[in-house]
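As provided, run-v6.cif (mmCIF, C-alpha atoms) reads as follows.
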```cif
data_start
loop_
_atom_site.label_atom_id
_atom_site.label_comp_id
_atom_site.auth_asym_id
_atom_site.auth_seq_id
_atom_site.Cartn_x
_atom_site.Cartn_y
_atom_site.Cartn_z
CA MET A 134 -2.36 -17.28 -43.21
CA VAL A 135 -5.14 -14.86 -42.35
CA THR A 136 -7.33 -13.83 -45.30
CA LYS A 137 -8.06 -10.29 -46.42
CA GLN A 138 -11.72 -10.80 -45.62
CA GLU A 139 -10.88 -11.84 -42.07
CA ILE A 140 -8.84 -8.66 -41.65
CA ARG A 141 -11.70 -6.59 -43.07
CA GLU A 142 -14.25 -8.09 -40.70
CA LYS A 143 -11.94 -7.58 -37.72
CA LYS A 144 -11.34 -3.90 -38.54
CA TRP A 145 -14.99 -3.11 -39.32
CA ASP A 146 -16.09 -4.75 -36.08
CA TYR A 147 -13.42 -2.98 -34.01
CA LEU A 148 -14.27 0.47 -35.39
CA ALA A 149 -17.98 -0.13 -34.77
CA GLU A 150 -17.52 -1.60 -31.29
CA HIS A 151 -15.27 1.25 -30.14
CA LYS A 152 -17.40 3.92 -31.84
CA LEU A 153 -14.48 5.14 -33.96
CA GLY A 154 -16.48 5.27 -37.18
CA ARG A 155 -18.92 7.87 -38.40
CA PHE A 156 -21.55 8.36 -41.10
CA PRO A 157 -22.24 6.61 -43.41
CA PHE A 158 -23.27 3.49 -41.50
CA PRO A 159 -22.97 0.56 -41.37
CA LEU A 160 -19.19 0.60 -41.66
CA GLN A 161 -19.16 -2.91 -43.12
CA ASN A 162 -18.67 -3.50 -46.84
CA ARG A 163 -17.29 -0.02 -47.47
CA ILE A 164 -14.19 2.09 -46.93
CA PRO A 165 -15.11 3.12 -43.39
CA ASN A 166 -15.36 6.75 -42.44
CA PHE A 167 -13.57 7.49 -39.19
CA LYS A 168 -13.31 10.06 -36.42
CA GLY A 169 -10.21 12.18 -36.95
CA ALA A 170 -10.26 12.16 -40.76
CA GLU A 171 -9.68 15.93 -40.74
CA MET A 172 -6.53 15.54 -38.66
CA ALA A 173 -5.25 12.85 -41.03
CA ALA A 174 -5.78 15.30 -43.89
CA ARG A 175 -3.70 17.91 -42.04
CA PHE A 176 -0.86 15.43 -41.67
CA VAL A 177 -1.01 14.78 -45.43
CA THR A 178 -0.12 18.42 -46.15
CA LYS A 179 3.30 17.80 -44.56
CA ILE A 180 4.26 15.18 -47.16
CA PRO A 181 6.88 16.61 -49.59
CA ALA A 182 5.20 14.96 -52.57
CA TYR A 183 1.91 16.59 -51.60
CA LYS A 184 3.48 20.04 -51.38
CA GLU A 185 4.95 19.62 -54.87
CA ALA A 186 1.91 17.97 -56.49
CA LYS A 187 -0.18 19.86 -59.01
CA VAL A 188 -2.68 17.10 -59.91
CA VAL A 189 -3.95 14.68 -57.27
CA LYS A 190 -6.23 11.65 -57.63
CA VAL A 191 -8.38 10.80 -54.60
CA ASN A 192 -10.89 8.00 -54.11
CA PRO A 193 -14.53 9.10 -53.72
CA ASP A 194 -15.14 7.60 -50.26
CA ALA A 195 -16.39 9.61 -47.26
CA PRO A 196 -13.22 9.47 -45.10
CA GLN A 197 -11.23 11.17 -47.88
CA LEU A 198 -13.61 14.15 -48.19
CA PRO A 199 -11.33 16.28 -45.94
CA ILE A 200 -8.30 15.70 -48.15
CA ARG A 201 -10.31 16.32 -51.34
CA SER A 202 -11.38 19.66 -49.86
CA GLN A 203 -7.82 20.48 -48.82
CA ILE A 204 -6.49 19.79 -52.30
CA LEU A 205 -8.80 22.46 -53.73
CA ARG A 206 -7.94 24.93 -50.95
CA ASP A 207 -4.27 24.41 -51.74
CA GLY A 208 -4.77 25.30 -55.40
CA LYS A 209 -4.29 21.81 -56.81
CA VAL A 210 -6.32 19.99 -59.47
CA LEU A 211 -8.53 17.26 -58.02
CA LEU A 212 -9.32 14.06 -59.91
CA VAL A 213 -11.97 11.65 -58.60
CA PRO A 214 -12.85 8.40 -60.39
CA THR A 215 -16.47 7.86 -61.34
CA PRO A 216 -18.14 4.65 -60.05
CA ARG A 217 -16.49 1.64 -61.72
CA LEU A 218 -14.73 4.23 -63.91
CA LYS A 219 -17.73 4.06 -66.24
CA ALA A 220 -17.37 7.74 -67.11
CA GLY A 221 -13.64 8.06 -66.52
CA PHE A 222 -12.67 10.73 -63.98
CA ILE A 223 -14.21 13.93 -62.68
CA MET A 224 -11.75 16.82 -62.76
CA VAL A 225 -12.17 19.88 -60.54
CA LYS A 226 -9.79 22.79 -61.02
CA PRO A 227 -9.37 25.10 -58.04
CA GLU A 228 -10.24 28.17 -60.10
CA TRP A 229 -13.67 26.64 -60.77
CA VAL A 230 -14.49 26.69 -57.05
CA PRO A 231 -15.46 29.93 -55.24
CA ASP A 232 -13.63 30.59 -51.99
CA GLY A 233 -15.29 28.81 -49.08
CA GLU A 234 -17.04 26.21 -51.25
CA GLU A 235 -14.19 23.68 -51.41
CA ARG A 236 -15.84 21.09 -49.14
CA ARG A 237 -19.10 21.28 -51.08
CA ALA A 238 -17.23 21.01 -54.39
CA ALA A 239 -15.34 17.93 -53.14
CA SER A 240 -18.49 16.13 -51.96
CA LEU A 241 -19.91 13.43 -54.19
CA SER A 242 -23.36 15.00 -54.15
CA HIS A 243 -22.11 18.29 -55.64
CA ILE A 244 -18.80 17.58 -57.38
CA LYS A 245 -20.33 17.44 -60.86
CA ALA A 246 -21.69 20.96 -60.43
CA TYR A 247 -18.14 22.25 -59.99
CA GLY A 248 -16.13 19.84 -62.13
CA LYS A 249 -16.46 17.95 -65.39
CA GLU A 250 -16.09 14.37 -66.52
CA ILE A 251 -13.02 13.81 -68.63
CA SER A 252 -12.04 10.94 -70.88
CA LEU A 253 -8.80 9.01 -70.66
CA ALA A 254 -7.44 11.06 -73.55
CA GLU A 255 -7.95 14.25 -71.51
CA LEU A 256 -6.39 12.87 -68.32
CA PRO A 257 -3.41 14.96 -67.19
CA ASN A 258 -0.35 13.42 -65.58
CA ILE A 259 -1.14 12.65 -61.94
CA ASP A 260 1.45 13.53 -59.28
CA LEU A 261 -0.03 11.88 -56.19
CA PHE A 262 -2.52 9.05 -55.72
CA PHE A 263 -4.80 8.52 -52.68
CA VAL A 264 -6.47 5.21 -51.85
CA GLY A 265 -9.15 4.33 -49.35
CA SER A 266 -8.43 1.32 -47.15
CA VAL A 267 -9.97 -0.93 -44.55
CA ALA A 268 -6.53 -1.84 -43.19
CA LEU A 269 -2.90 -0.93 -43.90
CA HIS A 270 0.26 -2.70 -42.80
CA ARG A 271 2.21 -0.31 -40.57
CA LYS A 272 5.66 -1.51 -41.75
CA ASP A 273 5.49 -2.31 -45.46
CA GLY A 274 2.32 -0.58 -46.67
CA ARG A 275 0.40 -3.65 -47.80
CA ARG A 276 -3.26 -2.80 -48.17
CA VAL A 277 -6.70 -4.28 -47.63
CA GLY A 278 -9.47 -2.46 -49.50
CA LYS A 279 -13.16 -3.26 -49.45
CA GLY A 280 -12.60 -6.09 -51.92
CA ALA A 281 -13.67 -4.64 -55.26
CA GLY A 282 -10.14 -4.03 -56.58
CA PHE A 283 -10.86 -0.64 -58.14
CA ALA A 284 -7.94 1.26 -56.61
CA ASP A 285 -5.45 -1.30 -57.92
CA ARG A 286 -7.07 -1.15 -61.35
CA GLU A 287 -7.13 2.66 -61.41
CA TYR A 288 -3.41 2.84 -60.70
CA ALA A 289 -2.70 0.22 -63.37
CA ILE A 290 -4.79 2.22 -65.85
CA ILE A 291 -2.88 5.48 -65.35
CA ARG A 292 0.42 3.59 -65.65
CA GLU A 293 -0.87 1.98 -68.86
CA LEU A 294 -1.53 5.51 -70.13
CA GLY A 295 2.11 6.45 -69.50
CA ASN A 296 1.80 8.12 -66.10
CA PRO A 297 5.07 7.74 -64.19
CA ASP A 298 5.31 5.75 -60.99
CA ILE A 299 4.00 8.08 -58.26
CA PRO A 300 3.64 8.00 -54.46
CA ILE A 301 0.50 6.47 -52.95
CA VAL A 302 -1.06 7.76 -49.74
CA GLY A 303 -3.60 6.11 -47.44
CA THR A 304 -5.57 7.94 -44.75
CA ILE A 305 -7.06 5.73 -42.03
CA HIS A 306 -7.77 5.64 -38.31
CA SER A 307 -4.84 4.32 -36.27
CA ALA A 308 -7.07 1.38 -35.27
CA GLN A 309 -6.94 0.29 -38.94
CA LEU A 310 -3.18 -0.24 -38.81
CA THR A 311 -2.21 -3.90 -38.74
CA ASP A 312 0.81 -6.13 -38.30
CA GLU A 313 -1.01 -9.11 -39.83
CA ASP A 314 0.68 -10.88 -42.74
CA ILE A 315 -1.63 -9.51 -45.43
CA PRO A 316 -1.87 -11.75 -48.51
CA ARG A 317 -0.65 -9.95 -51.60
CA ASP A 318 -1.12 -10.45 -55.35
CA PRO A 319 1.29 -8.95 -57.91
CA PHE A 320 -1.32 -6.37 -58.96
CA ASP A 321 -2.00 -5.18 -55.39
CA LEU A 322 -1.04 -1.63 -54.44
CA THR A 323 1.09 -0.78 -51.45
CA VAL A 324 1.19 2.71 -49.94
CA ASP A 325 4.20 4.97 -49.46
CA TRP A 326 2.64 7.12 -46.73
CA ILE A 327 -0.01 6.50 -44.07
CA ALA A 328 -1.75 9.43 -42.37
CA THR A 329 -3.87 8.70 -39.32
CA GLU A 330 -5.56 10.97 -36.81
CA ALA A 331 -2.45 10.62 -34.65
CA GLU A 332 0.61 10.53 -36.91
CA LEU A 333 2.21 10.50 -40.34
CA ILE A 334 4.06 7.29 -41.22
CA ARG A 335 6.63 7.01 -44.02
CA ILE A 336 6.65 3.53 -45.54
CA HIS A 337 9.69 1.98 -47.19
CA SER A 338 8.11 -0.94 -49.01
CA GLY A 339 10.04 -3.50 -50.99
CA TYR A 340 7.05 -4.23 -53.18
CA GLU A 341 6.84 -2.92 -56.74
CA LYS A 342 3.68 -1.19 -57.87
CA PRO A 343 1.81 -2.28 -61.02
CA ASN A 344 3.26 -0.72 -64.18
CA GLY A 345 0.19 -1.42 -66.31
CA ILE A 346 -2.80 -3.71 -66.79
CA GLN A 347 -2.26 -7.45 -66.50
CA TRP A 348 -4.49 -8.18 -69.45
CA GLU A 349 -4.40 -11.93 -68.97
CA LEU A 350 -6.34 -11.42 -65.72
CA VAL A 351 -9.06 -9.17 -67.20
CA THR A 352 -12.35 -10.96 -67.87
CA GLU A 353 -14.94 -10.16 -70.54
CA GLU A 354 -17.33 -9.23 -67.73
CA GLU A 355 -14.84 -6.66 -66.39
CA LEU A 356 -14.43 -5.20 -69.86
CA GLU A 357 -18.20 -4.67 -69.97
CA GLU A 358 -18.34 -3.24 -66.43
CA MET A 359 -15.41 -0.86 -66.97
CA PRO A 360 -15.62 0.62 -70.49
CA VAL A 361 -12.27 2.38 -69.96
CA LEU A 362 -10.62 -1.05 -69.95
CA LYS A 363 -12.15 -1.86 -73.30
CA GLU A 364 -11.04 1.54 -74.60
CA LEU A 365 -7.51 0.91 -73.39
CA ARG A 366 -7.33 -2.56 -74.94
CA GLU A 367 -8.55 -1.22 -78.27
CA ARG A 368 -5.69 1.29 -78.23
CA LYS A 369 -3.11 -1.47 -77.98
#
```

Output the structure of this file as structure tokens.
Amino acid sequence: MVTKQEIREKKWDYLAEHKLGRFPFPLQNRIPNFKGAEMAARFVTKIPAYKEAKVVKVNPDAPQLPIRSQILRDGKVLLVPTPRLKAGFIMVKPEWVPDGEERRAASLSHIKAYGKEISLAELPNIDLFFVGSVALHRKDGRRVGKGAGFADREYAIIRELGNPDIPIVGTIHSAQLTDEDIPRDPFDLTVDWIATEAELIRIHSGYEKPNGIQWELVTEEELEEMPVLKELRERK
């Protein structure tokens, strides 16, 4: 079976070789930004769950900047995790952002000027969850991230807090779609929708999403690196 790292390397190399990526470079070892990210964000607005959502969590990576901006334009609350969740989430309410400044407010370099860091206790129920990906399976929504595991952990954390099971969306370039047999662990996320620069794909996956933290797999080092995990465990 092909490994996740082999899939990552193949997709990073393909995007670079065919000049489908864009700043920041290099594309390797990150969620790669891609040409057409704005079009993918437009496709997202057609998803019924997006239209109904009031609070949306989006990863902080560059290719999801267009959708973060769109969320604010559409009058929804934006939640972005801080690095390694060390300070929880940054919340930006649309009424905090002057008209025309949505893209600036959604950028990592300025988001704190428009939003505020909130603790787990302040976290509202989330209606829709975006993940960055290096590759996504076009049929069943299996995912390859950059290898750090934060998206899986973030979803498990909100479920641990009592958030209901919610749809997950991935925006990628169509070149990042794969039919490879992606290895999957029980805690791995799968997506329900894929938006590319060319199309919107509805996924009907047979895989269950995590319904909480698998504490037996959490190391002492991870508890130190992600204080929110320690906070959650102390609540139990």

Next on the checklist: Under the PyMOL selection byres ((chain A and resi 293-295) around 12), which residues of this model are included? Write them out as a count of residues only.
Outcome noted: 32

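Taking only C-alpha atoms into account, Glu250 (chain A) lies nearest to A:Thr215 out of the set A:Ala238, A:Thr215, A:His337, A:Lys279.
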
Checklist entry - Which polymer residues have any atom within 9 Å of an atom of Val213 (chain A), counting only C-alpha atoms, with same-chain residues fewer than 2 positions away left out, as a PyMOL selection string? => result chain A and resi 189-193+201+211+215+221-225+239

Neighbours of region 323-330 of chain A within 8 Å (all atoms listed in the file; same-chain residues fewer than 3 positions away dropped), as a PDB file with C-alpha atoms, in the coordinates of the input?
```pdb
ATOM      1  CA  LYS A 168     -13.310  10.060 -36.420  1.00  0.00           C
ATOM      2  CA  GLY A 169     -10.210  12.180 -36.950  1.00  0.00           C
ATOM      3  CA  ALA A 170     -10.260  12.160 -40.760  1.00  0.00           C
ATOM      4  CA  GLU A 171      -9.680  15.930 -40.740  1.00  0.00           C
ATOM      5  CA  MET A 172      -6.530  15.540 -38.660  1.00  0.00           C
ATOM      6  CA  ALA A 173      -5.250  12.850 -41.030  1.00  0.00           C
ATOM      7  CA  ALA A 174      -5.780  15.300 -43.890  1.00  0.00           C
ATOM      8  CA  PHE A 176      -0.860  15.430 -41.670  1.00  0.00           C
ATOM      9  CA  VAL A 177      -1.010  14.780 -45.430  1.00  0.00           C
ATOM     10  CA  LEU A 269      -2.900  -0.930 -43.900  1.00  0.00           C
ATOM     11  CA  ARG A 271       2.210  -0.310 -40.570  1.00  0.00           C
ATOM     12  CA  ASP A 273       5.490  -2.310 -45.460  1.00  0.00           C
ATOM     13  CA  GLY A 274       2.320  -0.580 -46.670  1.00  0.00           C
ATOM     14  CA  ARG A 275       0.400  -3.650 -47.800  1.00  0.00           C
ATOM     15  CA  ARG A 276      -3.260  -2.800 -48.170  1.00  0.00           C
ATOM     16  CA  PRO A 300       3.640   8.000 -54.460  1.00  0.00           C
ATOM     17  CA  ILE A 301       0.500   6.470 -52.950  1.00  0.00           C
ATOM     18  CA  VAL A 302      -1.060   7.760 -49.740  1.00  0.00           C
ATOM     19  CA  GLY A 303      -3.600   6.110 -47.440  1.00  0.00           C
ATOM     20  CA  THR A 304      -5.570   7.940 -44.750  1.00  0.00           C
ATOM     21  CA  ILE A 305      -7.060   5.730 -42.030  1.00  0.00           C
ATOM     22  CA  HIS A 306      -7.770   5.640 -38.310  1.00  0.00           C
ATOM     23  CA  SER A 307      -4.840   4.320 -36.270  1.00  0.00           C
ATOM     24  CA  LEU A 333       2.210  10.500 -40.340  1.00  0.00           C
ATOM     25  CA  ILE A 334       4.060   7.290 -41.220  1.00  0.00           C
ATOM     26  CA  ARG A 335       6.630   7.010 -44.020  1.00  0.00           C
ATOM     27  CA  ILE A 336       6.650   3.530 -45.540  1.00  0.00           C
ATOM     28  CA  HIS A 337       9.690   1.980 -47.190  1.00  0.00           C
ATOM     29  CA  SER A 338       8.110  -0.940 -49.010  1.00  0.00           C
ATOM     30  CA  TYR A 340       7.050  -4.230 -53.180  1.00  0.00           C
ATOM     31  CA  LYS A 342       3.680  -1.190 -57.870  1.00  0.00           C
TER      32      LYS A 342
END
```

Next on the checklist: as JSON, numbers by chain, please: the residues near Met134 (chain A) (cut-off 10 Å, all atoms listed in the file, same-chain neighbours under 5 positions excluded).
Outcome noted: {"A": [313, 314, 315, 316]}

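Minimum atom-to-atom distance to Ile204 (chain A), evaluated using all atoms listed in the file, belongs to A:Phe262 out of A:Trp145, A:Phe262, A:Phe320, A:Phe158.
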
Please work out which residues fall within 9 Å of (-10.7, -3.0, -45.4), coordinates as given in the file, with all atoms listed in the file counting, and return them as a compact mmCIF listing (two decimals) with C-alpha atoms, in the frame of the given file.
```txt
# COMPACT_ATOMS: atom_id res chain seq x y z
CA LYS A 137 -8.06 -10.29 -46.42
CA GLN A 138 -11.72 -10.80 -45.62
CA ILE A 140 -8.84 -8.66 -41.65
CA ARG A 141 -11.70 -6.59 -43.07
CA GLU A 142 -14.25 -8.09 -40.70
CA LYS A 144 -11.34 -3.90 -38.54
CA TRP A 145 -14.99 -3.11 -39.32
CA GLN A 161 -19.16 -2.91 -43.12
CA ASN A 162 -18.67 -3.50 -46.84
CA ARG A 163 -17.29 -0.02 -47.47
CA ILE A 164 -14.19 2.09 -46.93
CA PRO A 165 -15.11 3.12 -43.39
CA GLY A 265 -9.15 4.33 -49.35
CA SER A 266 -8.43 1.32 -47.15
CA VAL A 267 -9.97 -0.93 -44.55
CA ALA A 268 -6.53 -1.84 -43.19
CA LEU A 269 -2.90 -0.93 -43.90
CA ARG A 276 -3.26 -2.80 -48.17
CA VAL A 277 -6.70 -4.28 -47.63
CA GLY A 278 -9.47 -2.46 -49.50
CA LYS A 279 -13.16 -3.26 -49.45
CA GLY A 280 -12.60 -6.09 -51.92
CA GLN A 309 -6.94 0.29 -38.94
```

Next on the checklist: Take the PyMOL selection byres ((chain A and resi 359) around 10), run it mentally on this structure, and tell me the resulting residues as number ranges by chain.
Outcome noted: A: 216-221, 283, 353-358, 360-364

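Interatomic distance, CA of Phe263 (chain A) against CA of Leu212 (chain A): 10.2 Å.
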
Could you list, as a PDB file with C-alpha atoms, in the frame of the given file, every residue within 8 Å of region 226-235 of chain A, counting all atoms listed in the file and ignoring same-chain residues fewer than 3 positions away?
```pdb
ATOM      1  CA  SER A 202     -11.380  19.660 -49.860  1.00  0.00           C
ATOM      2  CA  GLN A 203      -7.820  20.480 -48.820  1.00  0.00           C
ATOM      3  CA  LEU A 205      -8.800  22.460 -53.730  1.00  0.00           C
ATOM      4  CA  ARG A 206      -7.940  24.930 -50.950  1.00  0.00           C
ATOM      5  CA  GLY A 208      -4.770  25.300 -55.400  1.00  0.00           C
ATOM      6  CA  LYS A 209      -4.290  21.810 -56.810  1.00  0.00           C
ATOM      7  CA  VAL A 210      -6.320  19.990 -59.470  1.00  0.00           C
ATOM      8  CA  LEU A 211      -8.530  17.260 -58.020  1.00  0.00           C
ATOM      9  CA  ALA A 238     -17.230  21.010 -54.390  1.00  0.00           C
ATOM     10  CA  ALA A 239     -15.340  17.930 -53.140  1.00  0.00           C
ATOM     11  CA  TYR A 247     -18.140  22.250 -59.990  1.00  0.00           C
ATOM     12  CA  GLY A 248     -16.130  19.840 -62.130  1.00  0.00           C
TER      13      GLY A 248
END
```

Checklist entry - Which distance in Å separates CA of Leu261 (chain A) and CA of Thr178 (chain A), to one decimal? => result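 Going from CA of Leu261 (chain A) over to CA of Thr178 (chain A) covers 12.0 Å.
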
Next on the checklist: As a check of understanding, name the residues that the PyMOL selection byres ((chain A and resi 241) around 9) selects in the supplied structure, as a list in words.
Outcome noted: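 In the shown coordinates, the PyMOL selection byres ((chain A and resi 241) around 9) covers Pro193, Asp194, Ala195, Leu198, Arg237, Ala238, Ala239, Ser240, Ser242, His243, Ile244 and Lys245 of chain A.
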
Checklist entry - Quick one, how far is CA of Phe167 (chain A) from CA of Gln197 (chain A)? => result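 A separation of 9.7 Å between them.
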
Give me the box for region 287-303 of chain A as AutoDock Vina command-line options, namely the centre and edge lengths in Å to one decimal of a box along x, y and z that holds every listed atom plus 3 Å on each side.
```
--center_x -0.9 --center_y 4.2 --center_z -58.8 --size_x 18.4 --size_y 13.9 --size_z 28.7
```
